[in-house]
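As structure tokens, the structure follows; a few thoughts come after it.
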Amino acid sequence: MGGSGKGRRAIGVLFVLSALAAGALAYWAYARYQAFVDGPLSGIDAGDTVLVERGDSFQRVLAKLRDAGVRDGHELEWRLLARRLGAAGHLQVGEYALEPGTSAREVLLRMRDGKVVRHRFTIVEGWNIRELRAALERADPLLNETAELDDAALMAALGQPGVHPEGRFLPETYLYTRGDSDLDLLRRANTALEAALDAAWASRAEDLPLASREEALVLASIIEKETGIAEERGEIAGVFVRRLQAGMRLQTDPTVIYGIGSGYDGNIRRRDLQTDTPYNTYTRDGLPPTPIAMAGAEAIHAATHPAPGDTLYFVAVGDGSGRHVFSRTYAEHNAAVRQYVRRYRERFAPDSQ
């Protein structure tokens with residue numbers, strides 16, 4: 001009888017020890033799982049990403065995470081977490097950021113909710129179409145679908161056959177995701193340009209010497225190229241509008257440069273001002289036939305809402321500030337030009353005095 005009692009006590013002790021061991025193991029497993037769920041994943045460098053493609057299984061996505069350097073978590077832990085988050089079978093296609101400090105929970109939530117990486121591309125105010133297309137070719141990871149298209153084919157692909165491409169894309173920063181193409185981005189930029197131009201033309205000032213919204217865009221592009229200081233846009237627009245109203249030629253260097261094209265070497269010579277092209281506003285009356293650059297929304301607004309005044313001329317101050325001196329008369333303008341030349345020589349040829 002006594003022996004059987006000892007046996008029962010031994011069994012009880014073993015049961016308690018087993019329960020404690022099981023509890024300890026469960027606690028260890030839970031602590032490990034929690035550390036995996038919310039702890040920073042190791043093996044990730046700044047800028048790392050993972051791409052979920054159409055048809056990828058969860059196992060394939062996990063393999064891509066491993067390829068990216070992630071070693072944390074057993075596959076069972078990843079699957080358990082995915083089920084808990086409602087991400088299993090619901091990972092969305094796209095590119096996802098893997099920044100240092102990111103947890104497994106954050107990664108799966110991003111994939112479940114489609115919070116993909118968004119890249120940025122900026123169309124710079126004053127760019128011409130050649131500069132824009134060159135920048136698009138360098139943009140990564142933007143897909144290039146336009147490299148083999150000339151300008152006419154490009155505009156046809158955008159649904160605007162026969163439209164000159166210069167100035168047809170609104171300068172601003174556009175967000176895109178991996179898999180988007182340059183054609184997608186240009187379509188958005190063109191739509192934004194048309195909307196900005198429509199709004200400005202609809203609210204335009206009275207008595208503008210502009211026959212159409214297209215002429216407003218041409219004028220805006222010239223204003224964009226002449227503007228060194230944002231707050232001068234309205235006054236520069238006023239000068240050009242008054243010159244058009246008075247039947248004076250615009251005589252603006254950026255149009256001459258545009259007419260020279262890729263042959264422009266950084267200098268305008270007297271012969272350039274005298275060589276007639278469709279864009280030479282020294283030899284031709286009125287506006288050039290097309291825009292000469294990408295005009296931003298503010299330049300478009302200035303073209304349709306010029307500042308009032310009586311100035312007819314302007315020239316750079318010449319001190320590197322980008323500001324201009326505005327004059328009412330030709331005599332005042334000539335004096336401002338002499339001041340500009342003097343300052344220019346002082347800045348760039350001090351030893352020639």
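By convention here, the chains of the structure tokens are called A, B, ... in the order presented, each chain's residues are numbered starting at 1, and ligands are numbered starting at 1 in the order presented.
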
Residues of segment 208-263 of chain A that have any atom at most 8 Å from an atom of segment 294-301 of chain A: could you tabulate them with the shortest-distance atom pair and the distance in Å to one decimal, using only C-alpha atoms, ordered by chain and increasing number, as CSV?
```
residue,atom,partner,partner_atom,distance
A:Ala216,CA,A:Ile300,CA,7.1
A:Leu217,CA,A:Ile300,CA,6.4
A:Ala220,CA,A:Ile300,CA,4.9
A:Ser221,CA,A:Ala295,CA,4.7
A:Ile223,CA,A:Ala299,CA,6.2
A:Glu224,CA,A:Ala295,CA,5.7
A:Arg233,CA,A:Ala299,CA,6.4
```

Going by DSSP on the backbone, which residues of segment 69-178 of chain A come out as strand (DSSP E)? List them as a PyMOL selection string. chain A and resi 94-98+119-122+173-176

Since we have the selection now, will you write its residues out, keeping all heavy atoms, as a CSV table (one decimal), in the first residue's frame?
```
chain,number,residue,atom,x,y,z
A,94,GLY,N,2.2,44.8,-56.3
A,94,GLY,CA,2.9,46.0,-56.2
A,94,GLY,C,4.3,45.9,-55.6
A,94,GLY,O,4.7,44.9,-55.2
A,95,GLU,N,5.0,47.1,-55.5
A,95,GLU,CA,6.3,47.2,-54.9
A,95,GLU,C,6.2,47.7,-53.5
A,95,GLU,O,5.5,48.8,-53.2
A,95,GLU,CB,7.2,48.1,-55.7
A,95,GLU,CG,8.6,48.2,-55.2
A,95,GLU,CD,9.4,49.3,-56.0
A,95,GLU,OE1,8.7,50.1,-56.7
A,95,GLU,OE2,10.6,49.3,-55.9
A,96,TYR,N,6.8,47.1,-52.5
A,96,TYR,CA,6.6,47.5,-51.1
A,96,TYR,C,8.0,47.8,-50.5
A,96,TYR,O,9.0,47.1,-50.7
A,96,TYR,CB,5.9,46.4,-50.3
A,96,TYR,CG,4.5,46.1,-50.8
A,96,TYR,CD1,4.3,45.2,-51.8
A,96,TYR,CD2,3.5,46.9,-50.3
A,96,TYR,CE1,3.0,45.0,-52.3
A,96,TYR,CE2,2.2,46.7,-50.8
A,96,TYR,CZ,1.9,45.8,-51.8
A,96,TYR,OH,0.7,45.6,-52.2
A,97,ALA,N,8.0,48.8,-49.6
A,97,ALA,CA,9.2,49.3,-49.0
A,97,ALA,C,9.6,48.3,-47.8
A,97,ALA,O,8.8,47.8,-47.1
A,97,ALA,CB,9.1,50.7,-48.4
A,98,LEU,N,10.9,48.1,-47.7
A,98,LEU,CA,11.5,47.3,-46.6
A,98,LEU,C,12.5,48.2,-45.9
A,98,LEU,O,13.7,48.0,-46.2
A,98,LEU,CB,12.1,46.0,-47.1
A,98,LEU,CG,11.2,45.0,-47.7
A,98,LEU,CD1,12.0,43.8,-48.3
A,98,LEU,CD2,10.1,44.5,-46.7
A,119,HIS,N,6.9,56.5,-56.4
A,119,HIS,CA,8.1,57.2,-56.9
A,119,HIS,C,7.6,58.6,-57.4
A,119,HIS,O,6.5,58.8,-57.7
A,119,HIS,CB,8.7,56.4,-58.0
A,119,HIS,CG,9.2,55.0,-57.6
A,119,HIS,ND1,10.4,54.8,-57.0
A,119,HIS,CD2,8.5,53.8,-57.7
A,119,HIS,CE1,10.5,53.5,-56.7
A,119,HIS,NE2,9.4,52.9,-57.1
A,120,ARG,N,8.6,59.5,-57.5
A,120,ARG,CA,8.3,60.9,-57.9
A,120,ARG,C,9.0,61.2,-59.2
A,120,ARG,O,10.2,60.9,-59.4
A,120,ARG,CB,8.8,61.8,-56.7
A,120,ARG,CG,8.1,61.5,-55.4
A,120,ARG,CD,8.9,62.2,-54.3
A,120,ARG,NE,8.7,63.6,-54.3
A,120,ARG,CZ,7.7,64.3,-53.7
A,120,ARG,NH1,6.8,63.6,-53.0
A,120,ARG,NH2,7.7,65.6,-53.8
A,121,PHE,N,8.3,62.0,-60.0
A,121,PHE,CA,8.9,62.5,-61.2
A,121,PHE,C,8.5,64.0,-61.3
A,121,PHE,O,7.3,64.2,-61.3
A,121,PHE,CB,8.5,61.8,-62.5
A,121,PHE,CG,9.2,62.3,-63.7
A,121,PHE,CD1,10.5,61.9,-64.1
A,121,PHE,CD2,8.5,63.2,-64.5
A,121,PHE,CE1,11.1,62.5,-65.2
A,121,PHE,CE2,9.1,63.8,-65.7
A,121,PHE,CZ,10.4,63.4,-66.0
A,122,THR,N,9.4,64.9,-61.4
A,122,THR,CA,9.1,66.3,-61.5
A,122,THR,C,9.3,66.9,-62.9
A,122,THR,O,10.4,66.7,-63.5
A,122,THR,CB,9.9,67.1,-60.5
A,122,THR,OG1,9.7,66.6,-59.2
A,122,THR,CG2,9.6,68.6,-60.6
A,173,THR,N,5.2,67.9,-59.6
A,173,THR,CA,5.7,66.6,-59.2
A,173,THR,C,4.6,65.5,-59.3
A,173,THR,O,3.5,65.7,-58.7
A,173,THR,CB,6.3,66.6,-57.8
A,173,THR,OG1,7.4,67.5,-57.8
A,173,THR,CG2,6.8,65.2,-57.4
A,174,TYR,N,4.8,64.5,-60.0
A,174,TYR,CA,3.8,63.4,-60.2
A,174,TYR,C,4.3,62.1,-59.5
A,174,TYR,O,5.5,61.8,-59.6
A,174,TYR,CB,3.6,63.1,-61.7
A,174,TYR,CG,3.1,64.3,-62.4
A,174,TYR,CD1,3.9,65.3,-63.0
A,174,TYR,CD2,1.7,64.5,-62.6
A,174,TYR,CE1,3.4,66.4,-63.7
A,174,TYR,CE2,1.2,65.5,-63.2
A,174,TYR,CZ,2.0,66.5,-63.8
A,174,TYR,OH,1.5,67.6,-64.4
A,175,LEU,N,3.4,61.5,-58.8
A,175,LEU,CA,3.7,60.2,-58.1
A,175,LEU,C,3.3,59.1,-59.0
A,175,LEU,O,2.3,59.1,-59.7
A,175,LEU,CB,3.0,60.1,-56.8
A,175,LEU,CG,3.3,61.2,-55.8
A,175,LEU,CD1,2.4,61.0,-54.5
A,175,LEU,CD2,4.7,61.3,-55.4
A,176,TYR,N,4.1,58.0,-59.0
A,176,TYR,CA,3.8,56.9,-59.8
A,176,TYR,C,4.3,55.6,-59.1
A,176,TYR,O,5.1,55.7,-58.2
A,176,TYR,CB,4.4,57.0,-61.3
A,176,TYR,CG,5.9,56.9,-61.3
A,176,TYR,CD1,6.5,55.7,-61.5
A,176,TYR,CD2,6.7,58.0,-61.2
A,176,TYR,CE1,7.9,55.6,-61.6
A,176,TYR,CE2,8.1,57.9,-61.3
A,176,TYR,CZ,8.7,56.7,-61.5
A,176,TYR,OH,10.0,56.6,-61.5
```

Residues near Val239 of chain A, cut-off 9 Å, only C-alpha atoms, skip fewer than 6 positions along chain, as a PyMOL selection string: chain A and resi 250+306-314+326

Same residues, all heavy atoms, saved as a compact mmCIF listing (two decimals), in the first residue's frame:
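Contents of out21.txt, freshly written:
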```txt
# COMPACT_ATOMS: atom_id res chain seq x y z
N LEU A 250 7.54 91.72 -79.63
CA LEU A 250 7.87 91.29 -78.27
C LEU A 250 9.36 91.36 -78.00
O LEU A 250 9.78 91.66 -76.88
CB LEU A 250 7.37 89.86 -78.04
CG LEU A 250 5.86 89.66 -78.09
CD1 LEU A 250 5.50 88.22 -77.74
CD2 LEU A 250 5.15 90.62 -77.14
N PRO A 306 -2.66 89.64 -66.35
CA PRO A 306 -1.43 90.45 -66.24
C PRO A 306 -1.60 91.60 -65.24
O PRO A 306 -2.72 92.11 -65.05
CB PRO A 306 -1.24 90.97 -67.66
CG PRO A 306 -2.62 90.98 -68.25
CD PRO A 306 -3.31 89.78 -67.66
N ALA A 307 -0.49 91.99 -64.64
CA ALA A 307 -0.53 93.11 -63.71
C ALA A 307 -0.72 94.41 -64.49
O ALA A 307 -0.16 94.58 -65.58
CB ALA A 307 0.77 93.16 -62.91
N PRO A 308 -1.50 95.33 -63.96
CA PRO A 308 -1.68 96.62 -64.64
C PRO A 308 -0.41 97.46 -64.55
O PRO A 308 0.44 97.23 -63.69
CB PRO A 308 -2.84 97.26 -63.86
CG PRO A 308 -2.74 96.66 -62.50
CD PRO A 308 -2.26 95.25 -62.70
N GLY A 309 -0.29 98.45 -65.42
CA GLY A 309 0.88 99.33 -65.38
C GLY A 309 1.09 99.99 -66.73
O GLY A 309 0.26 99.88 -67.63
N ASP A 310 2.24 100.67 -66.86
CA ASP A 310 2.53 101.36 -68.12
C ASP A 310 3.94 101.06 -68.63
O ASP A 310 4.43 101.72 -69.54
CB ASP A 310 2.34 102.87 -67.97
CG ASP A 310 3.19 103.47 -66.84
OD1 ASP A 310 3.96 102.71 -66.21
OD2 ASP A 310 3.09 104.69 -66.61
N THR A 311 4.61 100.07 -68.06
CA THR A 311 5.96 99.73 -68.51
C THR A 311 5.89 98.93 -69.81
O THR A 311 4.96 98.15 -70.04
CB THR A 311 6.71 98.92 -67.45
OG1 THR A 311 5.94 97.77 -67.10
CG2 THR A 311 6.96 99.75 -66.21
N LEU A 312 6.90 99.14 -70.67
CA LEU A 312 6.94 98.47 -71.97
C LEU A 312 8.26 97.73 -72.20
O LEU A 312 8.43 97.07 -73.23
CB LEU A 312 6.76 99.50 -73.09
CG LEU A 312 5.36 100.12 -73.22
CD1 LEU A 312 5.39 101.28 -74.20
CD2 LEU A 312 4.33 99.08 -73.65
N TYR A 313 9.20 97.86 -71.25
CA TYR A 313 10.52 97.25 -71.41
C TYR A 313 10.97 96.66 -70.07
O TYR A 313 10.55 97.10 -69.00
CB TYR A 313 11.55 98.30 -71.85
CG TYR A 313 11.17 99.10 -73.06
CD1 TYR A 313 10.42 100.28 -72.95
CD2 TYR A 313 11.58 98.69 -74.34
CE1 TYR A 313 10.08 101.01 -74.07
CE2 TYR A 313 11.24 99.44 -75.46
CZ TYR A 313 10.49 100.59 -75.32
OH TYR A 313 10.14 101.32 -76.43
N PHE A 314 11.85 95.69 -70.16
CA PHE A 314 12.53 95.21 -68.95
C PHE A 314 13.86 94.58 -69.33
O PHE A 314 14.05 94.10 -70.46
CB PHE A 314 11.66 94.21 -68.16
CG PHE A 314 11.33 92.93 -68.88
CD1 PHE A 314 12.17 91.82 -68.81
CD2 PHE A 314 10.16 92.81 -69.63
CE1 PHE A 314 11.86 90.64 -69.46
CE2 PHE A 314 9.84 91.63 -70.29
CZ PHE A 314 10.70 90.54 -70.21
N PHE A 326 12.20 97.46 -64.81
CA PHE A 326 11.10 97.72 -65.74
C PHE A 326 11.08 99.21 -66.09
O PHE A 326 11.23 100.06 -65.20
CB PHE A 326 9.77 97.29 -65.13
CG PHE A 326 9.67 95.80 -64.91
CD1 PHE A 326 10.17 95.23 -63.75
CD2 PHE A 326 9.10 94.97 -65.86
CE1 PHE A 326 10.10 93.86 -63.54
CE2 PHE A 326 9.02 93.61 -65.67
CZ PHE A 326 9.52 93.05 -64.51
```

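The protein and nucleic acid residues lying at most 8 Å from segment 129-142 of chain A are Phe121, Ile123, Ala147, Pro165, Glu166, Gly167, Tyr176, Thr177, Arg178, Gly179, Asp180, Ser181, Asp182, Ala293 and Met294 of chain A, with only C-alpha atoms considered and sequence neighbours fewer than 5 positions away removed.
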
Quote the spacing between atom CA of Ala196 of chain A and atom CA of Pro288 of chain A in Å to one decimal place. 21.1 Å

Can you pull out every residue within 10 Å of Arg54 of chain A, counting only C-alpha atoms, but drop anything in the same chain fewer than 5 positions away, and send it as a compact mmCIF listing (two decimals) with all heavy atoms, in the first residue's frame?
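Contents of the output file part-v8.txt:
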```txt
# COMPACT_ATOMS: atom_id res chain seq x y z
N LEU A 91 -2.78 39.40 -50.54
CA LEU A 91 -1.65 40.29 -50.77
C LEU A 91 -1.82 40.95 -52.14
O LEU A 91 -2.02 40.28 -53.14
CB LEU A 91 -0.33 39.52 -50.71
CG LEU A 91 -0.05 38.76 -49.40
CD1 LEU A 91 1.34 38.14 -49.45
CD2 LEU A 91 -0.18 39.70 -48.20
N GLN A 92 -1.72 42.26 -52.16
CA GLN A 92 -1.95 43.00 -53.40
C GLN A 92 -0.67 43.17 -54.21
O GLN A 92 0.42 43.29 -53.66
CB GLN A 92 -2.54 44.38 -53.09
CG GLN A 92 -3.90 44.30 -52.39
CD GLN A 92 -4.60 45.63 -52.39
OE1 GLN A 92 -4.64 46.35 -53.40
NE2 GLN A 92 -5.18 45.99 -51.25
N VAL A 93 -0.85 43.16 -55.51
CA VAL A 93 0.29 43.31 -56.43
C VAL A 93 0.90 44.70 -56.26
O VAL A 93 0.21 45.70 -56.10
CB VAL A 93 -0.19 43.12 -57.88
CG1 VAL A 93 0.92 43.49 -58.86
CG2 VAL A 93 -0.64 41.68 -58.10
N GLY A 94 2.24 44.75 -56.27
CA GLY A 94 2.92 46.05 -56.19
C GLY A 94 4.29 45.93 -55.56
O GLY A 94 4.75 44.85 -55.18
```

Mind checking which residues fall within 10 Å of Pro100 of chain A, counting only C-alpha atoms, ignoring those fewer than 5 positions away in the same chain, and posting them as a list of chain:residue names?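 That gives A:Pro40, A:Leu41, A:Ser42, A:Gly43, A:Ile44, A:Asp45, A:Ala46, A:Gly47, A:Asp48.
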
Using only C-alpha atoms, which residues sit within 12 Å of segment 59-61 of chain A once same-chain residues fewer than 5 positions away are excluded, as a list of chain:residue names?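 So the residues in contact are A:Thr49, A:Val50, A:Leu51, A:Val52, A:Glu53, A:Arg54, A:Arg66, A:Asp67, A:Ala68, A:Val70, A:His74, A:Glu75, A:Leu76, A:Trp78, A:Arg79, A:Ala82, A:Ala88, A:Gly89, A:His90, A:Leu91, A:Gln92, A:Val93, A:Gly94, A:Glu95, A:Tyr96, A:Val107, A:Leu108, A:Met111.
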
From segment 67-297 of chain A, collect each residue whose DSSP state is alpha helix (DSSP H) and return the set as a PyMOL selection string. chain A and resi 67+75-85+104-113+129-138+151-157+182-202+213-226+233-246+253-260+270-274+297

Given the choices A:Ala336, A:Glu215, A:Gly228, A:Arg347, which gets closest to Gly286 of chain A if the distance is worked out from only C-alpha atoms?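 Answer, going by the shortest atom-to-atom distance: A:Glu215.
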